$ cat target.csv   # CSV, C-alpha atoms
chain,number,residue,atom,x,y,z
A,23,MET,CA,-26.4,-25.3,-27.5
A,24,THR,CA,-28.4,-24.8,-24.4
A,25,THR,CA,-27.7,-24.6,-20.7
A,26,ALA,CA,-29.2,-26.8,-18.1
A,27,GLY,CA,-32.2,-24.5,-17.8
A,28,GLY,CA,-32.8,-24.8,-21.6
A,29,LEU,CA,-31.7,-21.2,-22.3
A,30,PRO,CA,-29.2,-20.2,-24.8
A,31,PRO,CA,-25.8,-19.8,-23.1
A,32,ARG,CA,-25.4,-16.1,-23.7
A,33,TYR,CA,-28.8,-15.2,-22.2
A,34,ARG,CA,-28.4,-13.3,-19.0
A,35,THR,CA,-31.2,-13.9,-16.6
A,36,ALA,CA,-32.9,-11.1,-14.8
A,37,LEU,CA,-31.4,-12.4,-11.5
A,38,ARG,CA,-27.9,-12.3,-13.0
A,39,GLN,CA,-28.5,-8.7,-14.1
A,40,VAL,CA,-29.8,-7.7,-10.7
A,41,ARG,CA,-26.9,-9.4,-8.8
A,42,GLY,CA,-24.5,-7.6,-11.2
A,43,LEU,CA,-21.6,-9.9,-10.3
A,44,GLY,CA,-20.2,-10.4,-13.8
A,45,SER,CA,-18.1,-13.2,-15.0
A,46,ALA,CA,-15.7,-13.1,-12.0
A,47,ARG,CA,-18.7,-13.6,-9.7
A,48,SER,CA,-17.4,-10.9,-7.3
A,49,GLY,CA,-18.8,-7.7,-9.0
A,50,THR,CA,-17.2,-4.5,-7.9
A,51,ASP,CA,-16.4,-5.8,-4.4
A,52,HIS,CA,-12.6,-5.8,-4.7
A,53,PHE,CA,-12.6,-2.3,-6.3
A,54,TRP,CA,-15.0,-0.9,-3.6
A,55,ARG,CA,-13.0,-2.3,-0.7
A,56,GLN,CA,-9.8,-1.0,-2.2
A,57,ARG,CA,-11.3,2.5,-2.5
A,58,LEU,CA,-13.0,2.4,0.9
A,59,THR,CA,-9.7,1.5,2.6
A,60,ALA,CA,-7.9,4.1,0.4
A,61,VAL,CA,-10.2,6.9,1.7
A,62,ALA,CA,-9.7,5.7,5.3
A,63,ASN,CA,-5.9,5.6,4.8
A,64,VAL,CA,-5.6,9.3,3.9
A,65,PRO,CA,-6.4,10.7,7.4
A,66,LEU,CA,-4.9,7.6,9.1
A,67,VAL,CA,-1.6,7.9,7.3
A,68,ILE,CA,-1.4,11.7,8.1
A,69,ALA,CA,-2.1,10.9,11.8
A,70,PHE,CA,0.4,8.0,11.8
A,71,VAL,CA,3.2,10.3,10.4
A,72,LEU,CA,2.4,12.9,13.0
A,73,ILE,CA,2.6,10.3,15.8
A,74,VAL,CA,6.0,9.0,14.4
A,75,VAL,CA,7.4,12.6,14.3
A,76,LEU,CA,6.2,13.2,17.8
A,77,LEU,CA,8.0,10.0,19.0
A,78,MET,CA,11.3,10.8,17.2
A,79,GLY,CA,14.3,10.9,19.6
A,80,ARG,CA,12.3,9.9,22.6
A,81,ASN,CA,13.4,7.0,24.8
A,82,HIS,CA,11.5,3.7,25.3
A,83,ALA,CA,9.6,4.8,28.4
A,84,ALA,CA,8.2,7.9,26.6
A,85,ALA,CA,7.4,5.9,23.4
A,86,VAL,CA,5.5,3.3,25.4
A,87,GLN,CA,3.5,5.9,27.2
A,88,ILE,CA,2.6,7.7,24.0
A,89,ILE,CA,1.8,4.6,21.9
A,90,GLY,CA,-0.2,3.1,24.8
A,91,SER,CA,-2.3,6.2,25.4
A,92,PRO,CA,-5.9,5.5,24.3
A,93,VAL,CA,-6.3,8.0,21.5
A,94,VAL,CA,-2.9,7.2,19.9
A,95,ALA,CA,-3.5,3.4,20.3
A,96,ILE,CA,-6.9,3.6,18.7
A,97,ILE,CA,-5.6,5.6,15.8
A,98,LEU,CA,-2.7,3.2,15.3
A,99,LEU,CA,-5.1,0.2,15.5
A,100,LEU,CA,-7.3,1.7,12.8
A,101,PHE,CA,-4.2,2.6,10.7
A,102,VAL,CA,-2.9,-1.0,10.9
A,103,ALA,CA,-6.3,-2.5,10.1
A,104,SER,CA,-7.0,-0.3,7.1
A,105,VAL,CA,-3.4,-0.4,5.7
A,106,THR,CA,-3.0,-4.1,6.0
A,107,TYR,CA,-6.4,-4.8,4.3
A,108,HIS,CA,-5.6,-2.3,1.6
A,109,MET,CA,-2.1,-3.8,0.9
A,110,ARG,CA,-3.5,-7.3,0.7
A,111,LEU,CA,-5.9,-6.1,-2.0
A,112,GLY,CA,-3.1,-4.3,-3.8
A,113,MET,CA,-0.7,-7.1,-3.7
A,114,GLN,CA,-3.4,-9.5,-4.9
A,115,VAL,CA,-3.8,-7.4,-8.1
A,116,ILE,CA,0.0,-7.4,-8.7
A,117,ILE,CA,0.2,-11.2,-8.3
A,118,GLU,CA,-2.8,-11.7,-10.6
A,119,ASP,CA,-1.2,-9.3,-13.2
A,120,TYR,CA,2.2,-11.0,-13.4
A,121,VAL,CA,1.8,-14.6,-12.3
A,122,HIS,CA,-0.3,-16.7,-14.7
A,123,GLN,CA,0.5,-20.3,-13.7
A,124,ASP,CA,-2.1,-21.8,-11.4
A,125,LEU,CA,0.2,-23.2,-8.7
A,126,PRO,CA,2.6,-20.3,-8.2
A,127,LYS,CA,-0.3,-17.9,-8.3
A,128,LEU,CA,-2.2,-19.9,-5.6
A,129,VAL,CA,0.9,-20.1,-3.4
A,130,LEU,CA,1.6,-16.4,-3.7
A,131,LEU,CA,-2.1,-15.5,-3.0
A,132,ILE,CA,-2.0,-17.6,0.1
A,133,ALA,CA,1.3,-16.1,1.2
A,134,ASN,CA,-0.1,-12.6,0.6
A,135,THR,CA,-3.0,-13.3,3.0
A,136,PHE,CA,-0.7,-15.0,5.6
A,137,PHE,CA,1.8,-12.1,5.4
A,138,THR,CA,-0.7,-9.3,5.8
A,139,ALA,CA,-2.5,-11.2,8.6
A,140,ALA,CA,0.8,-11.7,10.4
A,141,VAL,CA,1.6,-8.0,10.1
A,142,ALA,CA,-1.9,-7.0,11.2
A,143,PHE,CA,-2.1,-9.3,14.2
A,144,GLY,CA,1.6,-8.7,15.2
A,145,CYS,CA,1.1,-4.9,15.2
A,146,GLY,CA,-2.3,-5.1,16.8
A,147,TYR,CA,-1.1,-7.3,19.6
A,148,ALA,CA,1.9,-5.0,20.3
A,149,ILE,CA,-0.4,-1.9,20.4
A,150,LEU,CA,-2.8,-3.7,22.8
A,151,LYS,CA,0.0,-4.9,25.0
A,152,LEU,CA,1.4,-1.3,25.2
A,153,SER,CA,-2.1,0.0,26.0
A,154,PHE,CA,-2.9,-2.5,28.8
A,155,GLY,CA,0.6,-2.7,30.1
A,156,VAL,CA,0.7,-6.4,30.6
B,15,MET,CA,5.0,-29.3,-42.9
B,16,ALA,CA,7.8,-28.2,-40.7
B,17,ASP,CA,7.6,-24.6,-41.7
B,18,SER,CA,4.0,-24.4,-40.6
B,19,LYS,CA,5.2,-24.2,-37.0
B,20,ALA,CA,7.6,-21.3,-37.7
B,21,PRO,CA,6.2,-18.2,-36.0
B,22,ALA,CA,4.9,-15.6,-38.5
B,23,ALA,CA,6.6,-12.2,-38.3
B,24,ARG,CA,3.5,-10.5,-37.0
B,25,PRO,CA,3.8,-7.2,-35.2
B,26,LEU,CA,3.9,-7.7,-31.4
B,27,SER,CA,2.0,-5.5,-29.1
B,28,PRO,CA,4.3,-2.7,-27.9
B,29,HIS,CA,5.5,-2.6,-24.4
B,30,LEU,CA,7.5,-0.3,-22.1
B,31,GLN,CA,10.6,-0.1,-24.3
B,32,ILE,CA,8.6,1.2,-27.3
B,33,TYR,CA,6.3,3.8,-25.7
B,34,ARG,CA,7.5,7.3,-25.3
B,35,TRP,CA,7.6,8.0,-21.5
B,36,THR,CA,4.8,10.2,-20.3
B,37,TRP,CA,4.1,11.6,-16.8
B,38,THR,CA,0.9,9.6,-16.2
B,39,MET,CA,2.6,6.4,-17.3
B,40,ALA,CA,5.7,7.0,-15.1
B,41,MET,CA,3.5,7.9,-12.1
B,42,SER,CA,1.3,4.9,-12.7
B,43,ILE,CA,4.4,2.7,-12.4
B,44,PHE,CA,5.7,4.6,-9.4
B,45,HIS,CA,2.3,4.1,-7.7
B,46,ARG,CA,2.6,0.3,-8.1
B,47,VAL,CA,6.3,0.2,-7.1
B,48,THR,CA,5.8,2.3,-4.0
B,49,GLY,CA,2.7,0.2,-3.1
B,50,ALA,CA,4.8,-3.0,-3.3
B,51,ALA,CA,7.6,-1.4,-1.3
B,52,LEU,CA,5.2,-0.2,1.4
B,53,PHE,CA,3.8,-3.8,1.5
B,54,PHE,CA,7.2,-5.0,2.7
B,55,GLY,CA,7.9,-1.8,4.5
B,56,THR,CA,5.2,-2.7,7.1
B,57,LEU,CA,7.8,-5.1,8.5
B,58,LEU,CA,9.6,-2.0,9.8
B,59,LEU,CA,6.3,-0.8,11.4
B,60,ALA,CA,5.8,-4.3,12.9
B,61,TRP,CA,9.4,-4.3,14.2
B,62,TRP,CA,8.9,-0.9,15.7
B,63,LEU,CA,5.7,-1.7,17.6
B,64,ILE,CA,6.7,-5.2,18.7
B,65,ALA,CA,10.1,-3.9,19.9
B,66,ALA,CA,8.3,-1.2,21.9
B,67,ALA,CA,6.1,-3.8,23.4
B,68,SER,CA,9.0,-6.2,24.1
B,69,GLY,CA,11.0,-3.8,26.3
B,70,PRO,CA,13.9,-1.2,26.4
B,71,LYS,CA,16.5,-3.6,25.0
B,72,ALA,CA,14.5,-4.6,21.9
B,73,TYR,CA,13.6,-0.9,21.4
B,74,ALA,CA,17.2,0.1,21.7
B,75,SER,CA,18.3,-2.3,19.0
B,76,PHE,CA,15.5,-1.0,16.7
B,77,GLU,CA,16.6,2.6,17.3
B,78,TRP,CA,20.2,1.5,16.7
B,79,PHE,CA,19.3,0.0,13.3
B,80,MET,CA,17.4,3.1,12.3
B,81,SER,CA,20.3,5.3,13.2
B,82,THR,CA,22.6,3.5,10.8
B,83,ILE,CA,23.0,4.7,7.2
B,84,ILE,CA,21.0,1.7,5.8
B,85,GLY,CA,18.3,2.2,8.4
B,86,ARG,CA,18.1,5.9,7.7
B,87,LEU,CA,17.9,5.3,3.9
B,88,MET,CA,15.1,2.7,4.5
B,89,LEU,CA,13.2,5.0,6.7
B,90,PHE,CA,13.6,7.9,4.2
B,91,GLY,CA,12.5,5.7,1.3
B,92,TYR,CA,9.6,4.4,3.4
B,93,THR,CA,8.5,8.1,4.1
B,94,TRP,CA,8.8,9.1,0.5
B,95,ALA,CA,7.0,5.9,-0.8
B,96,LEU,CA,4.2,6.4,1.8
B,97,ILE,CA,3.6,10.1,0.8
B,98,HIS,CA,3.9,9.4,-2.9
B,99,HIS,CA,1.5,6.5,-2.7
B,100,MET,CA,-0.9,8.6,-0.7
B,101,LEU,CA,-0.8,11.5,-3.2
B,102,GLY,CA,-1.1,9.1,-6.1
B,103,GLY,CA,-4.1,7.5,-4.3
B,104,ILE,CA,-5.7,10.9,-3.9
B,105,ARG,CA,-5.2,11.5,-7.6
B,106,HIS,CA,-7.0,8.2,-8.3
B,107,LEU,CA,-9.8,9.3,-6.0
B,108,ILE,CA,-10.1,12.6,-7.9
B,109,TRP,CA,-10.3,10.5,-11.1
B,110,ASP,CA,-13.0,8.4,-9.6
B,111,THR,CA,-15.2,11.5,-9.5
B,112,LEU,CA,-14.6,11.8,-13.3
B,113,HIS,CA,-12.5,15.0,-12.8
B,114,GLY,CA,-8.9,15.7,-13.9
B,115,PHE,CA,-8.9,13.7,-17.1
B,116,GLY,CA,-8.1,16.7,-19.4
B,117,PRO,CA,-4.7,16.6,-21.2
B,118,GLN,CA,-3.4,19.5,-19.1
B,119,GLU,CA,-5.0,18.4,-15.8
B,120,ARG,CA,-3.7,14.8,-15.9
B,121,GLU,CA,-0.2,15.9,-16.6
B,122,ARG,CA,-0.3,18.5,-13.8
B,123,LEU,CA,-1.8,15.9,-11.3
B,124,ALA,CA,1.0,13.4,-12.2
B,125,GLN,CA,3.7,16.1,-11.7
B,126,ALA,CA,2.1,17.2,-8.4
B,127,THR,CA,2.3,13.7,-7.0
B,128,LEU,CA,6.0,13.5,-7.7
B,129,PHE,CA,7.1,17.0,-6.7
B,130,GLY,CA,4.6,17.1,-3.8
B,131,SER,CA,5.9,13.9,-2.4
B,132,ILE,CA,9.5,15.0,-2.6
B,133,ILE,CA,8.8,18.4,-1.0
B,134,LEU,CA,6.7,16.9,1.7
B,135,THR,CA,9.2,14.2,2.5
B,136,ILE,CA,12.1,16.7,2.9
B,137,LEU,CA,9.9,19.0,5.0
B,138,LEU,CA,8.8,16.1,7.3
B,139,TRP,CA,12.4,15.0,7.8
B,140,GLY,CA,13.4,18.6,8.5
B,141,VAL,CA,10.7,18.8,11.2
B,142,GLY,CA,11.8,15.4,12.5
B,143,TYR,CA,15.4,16.4,12.9
B,144,LEU,CA,14.3,19.6,14.6
B,145,MET,CA,12.2,17.6,17.1
B,146,MET,CA,15.2,15.4,17.8
B,147,GLY,CA,17.5,18.5,18.3
B,148,GLY,CA,19.7,17.9,15.2
B,149,THR,CA,21.5,14.8,13.9
B,150,ARG,CA,22.6,12.3,16.4
$ encode --input "target.csv" --output "structure tokens"
Amino acid sequence: MTTAGGLPPRYRTALRQVRGLGSARSGTDHFWRQRLTAVANVPLVIAFVLIVVLLMGRNHAAAVQIIGSPVVAIILLLFVASVTYHMRLGMQVIIEDYVHQDLPKLVLLIANTFFTAAVAFGCGYAILKLSFGV
Amino acid sequence: MADSKAPAARPLSPHLQIYRWTWTMAMSIFHRVTGAALFFGTLLLAWWLIAAASGPKAYASFEWFMSTIIGRLMLFGYTWALIHHMLGGIRHLIWDTLHGFGPQERERLAQATLFGSIILTILLWGVGYLMMGGTR
């Protein structure tokens, strides 16, 4: 048994070793992005919670003013970006762990991306609208 | 040859109903469950921000929902899930540095995520109510 290149099938070429992408062809990319967003989430979640506490019991006009102010808006945008990316990665793992049939898995993985993108763009649009006051 | 298809009584791999519950196992499950809950909980975040961007009427209906018992419970659950998942995540980041794997340490870390999240959630809601000037 040989591969197209005439090598035994279990032979790992030097290029394969260097790329280090393994059998799934994605290497540690998923793991790394998950940890990267996790590290970003820690300060962003703390800031988000403080912003929400600051806004509790305030009326619409005050809430709009605070959410739309540059520092708060930038923090919220970063929070939304990091959290939605992180939750897409996490839900992908849950789907891959429990759904083993190809079609339902594919449908759920697509739905996962659509849902997280909708949340990300919906929140992002709202924050930008509050910032620019249009 | 009909009996050749009968399943042999081989031992099955044990699952949740067999294992003795441990702190690390329970908090591992909590981490996944809170993560999944937070995934859908972002709908509350989206509703809040889009309502604020839509105008006073939309914001008032969001605030009304959050003042109901169901709304309050969802918000309280979201707060706890967020803090628990964050503390659990920090625990995983500590493990990523190859620290905290000792039999005592990992138990303490798992307990800290649960009790820490409960204490922080109650503290946060206390502060929140003080900010609002008591219950409404």
$ closest_atom_pairs --input "target.csv" --of "chain B" --to "chain A" --cutoff "7 Å" --atoms "all atoms listed in the file" --output "tab-separated table"
residue	atom	partner	partner_atom	distance
B:Ala50	CA	A:Met113	CA	6.9
B:Phe53	CA	A:Met109	CA	5.9
B:Ala60	CA	A:Cys145	CA	5.3
B:Leu63	CA	A:Ala148	CA	5.7
B:Ile64	CA	A:Ala148	CA	5.1
B:Ala66	CA	A:Val86	CA	6.4
B:Ala67	CA	A:Ala148	CA	5.4
B:Pro70	CA	A:His82	CA	5.6
B:Tyr73	CA	A:His82	CA	6.4
B:Met100	CA	A:Val64	CA	6.6
B:Gly103	CA	A:Ala60	CA	6.9
B:Gly142	CA	A:Val75	CA	5.5
B:Met145	CA	A:Met78	CA	6.9
B:Met146	CA	A:Gly79	CA	4.9
$ atom_distance --input "target.csv" --atom1 "CA of Gly44 (chain A)" --atom2 "CA of Leu128 (chain A)"
21.9 Å
$ atom_distance --input "target.csv" --atom1 "CA of Phe79 (chain B)" --atom2 "CA of Leu66 (chain A)"
25.7 Å
$ atom_distance --input "target.csv" --atom1 "CA of Ala74 (chain B)" --atom2 "CA of Leu99 (chain A)"
23.1 Å
$ closest_residue --input "target.csv" --among "B:Ile32, B:Leu101, B:Ile84, B:Leu112" --to "Gly130 (chain B)" --atoms "only C-alpha atoms"
B:Leu101
$ closest_residue --input "target.csv" --among "B:Phe129, B:Phe115, B:Trp139, B:Trp94" --to "Leu52 (chain B)" --atoms "all atoms listed in the file"
B:Trp94
$ decode --input "target.csv" --residues "region 83-125 of chain A" --atoms "N, CA and C atoms" --output "mmCIF file, in the first residue's frame"
data_model
loop_
_atom_site.group_PDB
_atom_site.id
_atom_site.type_symbol
_atom_site.label_atom_id
_atom_site.label_comp_id
_atom_site.auth_asym_id
_atom_site.auth_seq_id
_atom_site.Cartn_x
_atom_site.Cartn_y
_atom_site.Cartn_z
ATOM 1 N N ALA A 83 -33.433 57.947 28.402
ATOM 2 C CA ALA A 83 -32.535 59.033 27.979
ATOM 3 C C ALA A 83 -31.145 58.879 28.604
ATOM 4 N N ALA A 84 -31.134 58.542 29.897
ATOM 5 C CA ALA A 84 -29.842 58.370 30.584
ATOM 6 C C ALA A 84 -29.101 57.141 30.058
ATOM 7 N N ALA A 85 -29.859 56.065 29.806
ATOM 8 C CA ALA A 85 -29.248 54.828 29.295
ATOM 9 C C ALA A 85 -28.616 55.076 27.928
ATOM 10 N N VAL A 86 -29.346 55.787 27.074
ATOM 11 C CA VAL A 86 -28.841 56.094 25.724
ATOM 12 C C VAL A 86 -27.557 56.913 25.810
ATOM 13 N N GLN A 87 -27.559 57.888 26.702
ATOM 14 C CA GLN A 87 -26.392 58.758 26.845
ATOM 15 C C GLN A 87 -25.166 57.971 27.303
ATOM 16 N N ILE A 88 -25.385 57.065 28.273
ATOM 17 C CA ILE A 88 -24.250 56.294 28.800
ATOM 18 C C ILE A 88 -23.761 55.259 27.770
ATOM 19 N N ILE A 89 -24.710 54.490 27.196
ATOM 20 C CA ILE A 89 -24.293 53.452 26.228
ATOM 21 C C ILE A 89 -23.611 54.092 25.022
ATOM 22 N N GLY A 90 -24.103 55.266 24.607
ATOM 23 C CA GLY A 90 -23.572 55.910 23.412
ATOM 24 C C GLY A 90 -22.287 56.695 23.628
ATOM 25 N N SER A 91 -21.863 56.862 24.891
ATOM 26 C CA SER A 91 -20.623 57.611 25.118
ATOM 27 C C SER A 91 -19.436 56.768 24.637
ATOM 28 N N PRO A 92 -18.420 57.428 24.042
ATOM 29 C CA PRO A 92 -17.364 56.675 23.336
ATOM 30 C C PRO A 92 -16.728 55.535 24.124
ATOM 31 N N VAL A 93 -16.294 55.753 25.355
ATOM 32 C CA VAL A 93 -15.577 54.704 26.090
ATOM 33 C C VAL A 93 -16.480 53.495 26.337
ATOM 34 N N VAL A 94 -17.716 53.784 26.799
ATOM 35 C CA VAL A 94 -18.656 52.691 27.077
ATOM 36 C C VAL A 94 -18.992 51.943 25.784
ATOM 37 N N ALA A 95 -19.237 52.681 24.705
ATOM 38 C CA ALA A 95 -19.592 52.051 23.427
ATOM 39 C C ALA A 95 -18.457 51.161 22.913
ATOM 40 N N ILE A 96 -17.226 51.632 23.029
ATOM 41 C CA ILE A 96 -16.075 50.834 22.557
ATOM 42 C C ILE A 96 -15.933 49.565 23.391
ATOM 43 N N ILE A 97 -16.081 49.704 24.725
ATOM 44 C CA ILE A 97 -16.001 48.520 25.593
ATOM 45 C C ILE A 97 -17.100 47.521 25.237
ATOM 46 N N LEU A 98 -18.326 48.032 25.023
ATOM 47 C CA LEU A 98 -19.438 47.137 24.686
ATOM 48 C C LEU A 98 -19.228 46.461 23.333
ATOM 49 N N LEU A 99 -18.677 47.193 22.363
ATOM 50 C CA LEU A 99 -18.393 46.604 21.040
ATOM 51 C C LEU A 99 -17.357 45.489 21.158
ATOM 52 N N LEU A 100 -16.311 45.731 21.918
ATOM 53 C CA LEU A 100 -15.280 44.701 22.131
ATOM 54 C C LEU A 100 -15.883 43.492 22.854
ATOM 55 N N PHE A 101 -16.712 43.776 23.861
ATOM 56 C CA PHE A 101 -17.383 42.722 24.618
ATOM 57 C C PHE A 101 -18.234 41.847 23.693
ATOM 58 N N VAL A 102 -19.060 42.493 22.872
ATOM 59 C CA VAL A 102 -19.941 41.754 21.959
ATOM 60 C C VAL A 102 -19.117 40.924 20.967
ATOM 61 N N ALA A 103 -18.059 41.514 20.416
ATOM 62 C CA ALA A 103 -17.235 40.804 19.429
ATOM 63 C C ALA A 103 -16.582 39.571 20.048
ATOM 64 N N SER A 104 -15.960 39.755 21.210
ATOM 65 C CA SER A 104 -15.233 38.648 21.847
ATOM 66 C C SER A 104 -16.183 37.559 22.332
ATOM 67 N N VAL A 105 -17.282 37.981 22.946
ATOM 68 C CA VAL A 105 -18.235 37.013 23.512
ATOM 69 C C VAL A 105 -18.917 36.194 22.410
ATOM 70 N N THR A 106 -19.344 36.845 21.342
ATOM 71 C CA THR A 106 -20.050 36.107 20.289
ATOM 72 C C THR A 106 -19.100 35.141 19.574
ATOM 73 N N TYR A 107 -17.849 35.552 19.370
ATOM 74 C CA TYR A 107 -16.879 34.643 18.750
ATOM 75 C C TYR A 107 -16.626 33.445 19.666
ATOM 76 N N HIS A 108 -16.457 33.732 20.953
ATOM 77 C CA HIS A 108 -16.199 32.690 21.947
ATOM 78 C C HIS A 108 -17.368 31.705 22.027
ATOM 79 N N MET A 109 -18.594 32.213 22.007
ATOM 80 C CA MET A 109 -19.742 31.315 22.165
ATOM 81 C C MET A 109 -19.994 30.500 20.904
ATOM 82 N N ARG A 110 -19.583 31.026 19.753
ATOM 83 C CA ARG A 110 -19.686 30.235 18.524
ATOM 84 C C ARG A 110 -18.739 29.031 18.601
ATOM 85 N N LEU A 111 -17.530 29.266 19.083
ATOM 86 C CA LEU A 111 -16.560 28.167 19.245
ATOM 87 C C LEU A 111 -17.075 27.134 20.249
ATOM 88 N N GLY A 112 -17.611 27.627 21.365
ATOM 89 C CA GLY A 112 -18.086 26.728 22.418
ATOM 90 C C GLY A 112 -19.269 25.889 21.970
ATOM 91 N N MET A 113 -20.243 26.536 21.318
ATOM 92 C CA MET A 113 -21.418 25.790 20.865
ATOM 93 C C MET A 113 -21.037 24.799 19.770
ATOM 94 N N GLN A 114 -20.031 25.130 18.979
ATOM 95 C CA GLN A 114 -19.545 24.196 17.945
ATOM 96 C C GLN A 114 -19.057 22.895 18.595
ATOM 97 N N VAL A 115 -18.333 23.033 19.703
ATOM 98 C CA VAL A 115 -17.825 21.849 20.413
ATOM 99 C C VAL A 115 -18.986 21.017 20.963
ATOM 100 N N ILE A 116 -19.993 21.699 21.530
ATOM 101 C CA ILE A 116 -21.153 20.986 22.078
ATOM 102 C C ILE A 116 -21.865 20.213 20.967
ATOM 103 N N ILE A 117 -22.076 20.867 19.824
ATOM 104 C CA ILE A 117 -22.746 20.201 18.690
ATOM 105 C C ILE A 117 -21.931 18.988 18.233
ATOM 106 N N GLU A 118 -20.632 19.182 18.080
ATOM 107 C CA GLU A 118 -19.779 18.085 17.598
ATOM 108 C C GLU A 118 -19.712 16.929 18.598
ATOM 109 N N ASP A 119 -19.899 17.238 19.897
ATOM 110 C CA ASP A 119 -19.870 16.192 20.921
ATOM 111 C C ASP A 119 -21.127 15.328 20.909
ATOM 112 N N TYR A 120 -22.277 15.940 20.644
ATOM 113 C CA TYR A 120 -23.540 15.228 20.849
ATOM 114 C C TYR A 120 -24.284 14.874 19.569
ATOM 115 N N VAL A 121 -23.984 15.525 18.453
ATOM 116 C CA VAL A 121 -24.710 15.254 17.203
ATOM 117 C C VAL A 121 -23.752 14.546 16.253
ATOM 118 N N HIS A 122 -24.102 13.291 15.908
ATOM 119 C CA HIS A 122 -23.162 12.486 15.124
ATOM 120 C C HIS A 122 -23.611 12.230 13.695
ATOM 121 N N GLN A 123 -24.898 12.512 13.386
ATOM 122 C CA GLN A 123 -25.364 12.326 12.007
ATOM 123 C C GLN A 123 -24.982 13.558 11.191
ATOM 124 N N ASP A 124 -24.548 13.309 9.974
ATOM 125 C CA ASP A 124 -23.992 14.391 9.160
ATOM 126 C C ASP A 124 -24.949 15.553 8.936
ATOM 127 N N LEU A 125 -26.175 15.233 8.497
ATOM 128 C CA LEU A 125 -27.084 16.322 8.119
ATOM 129 C C LEU A 125 -27.497 17.193 9.310
#
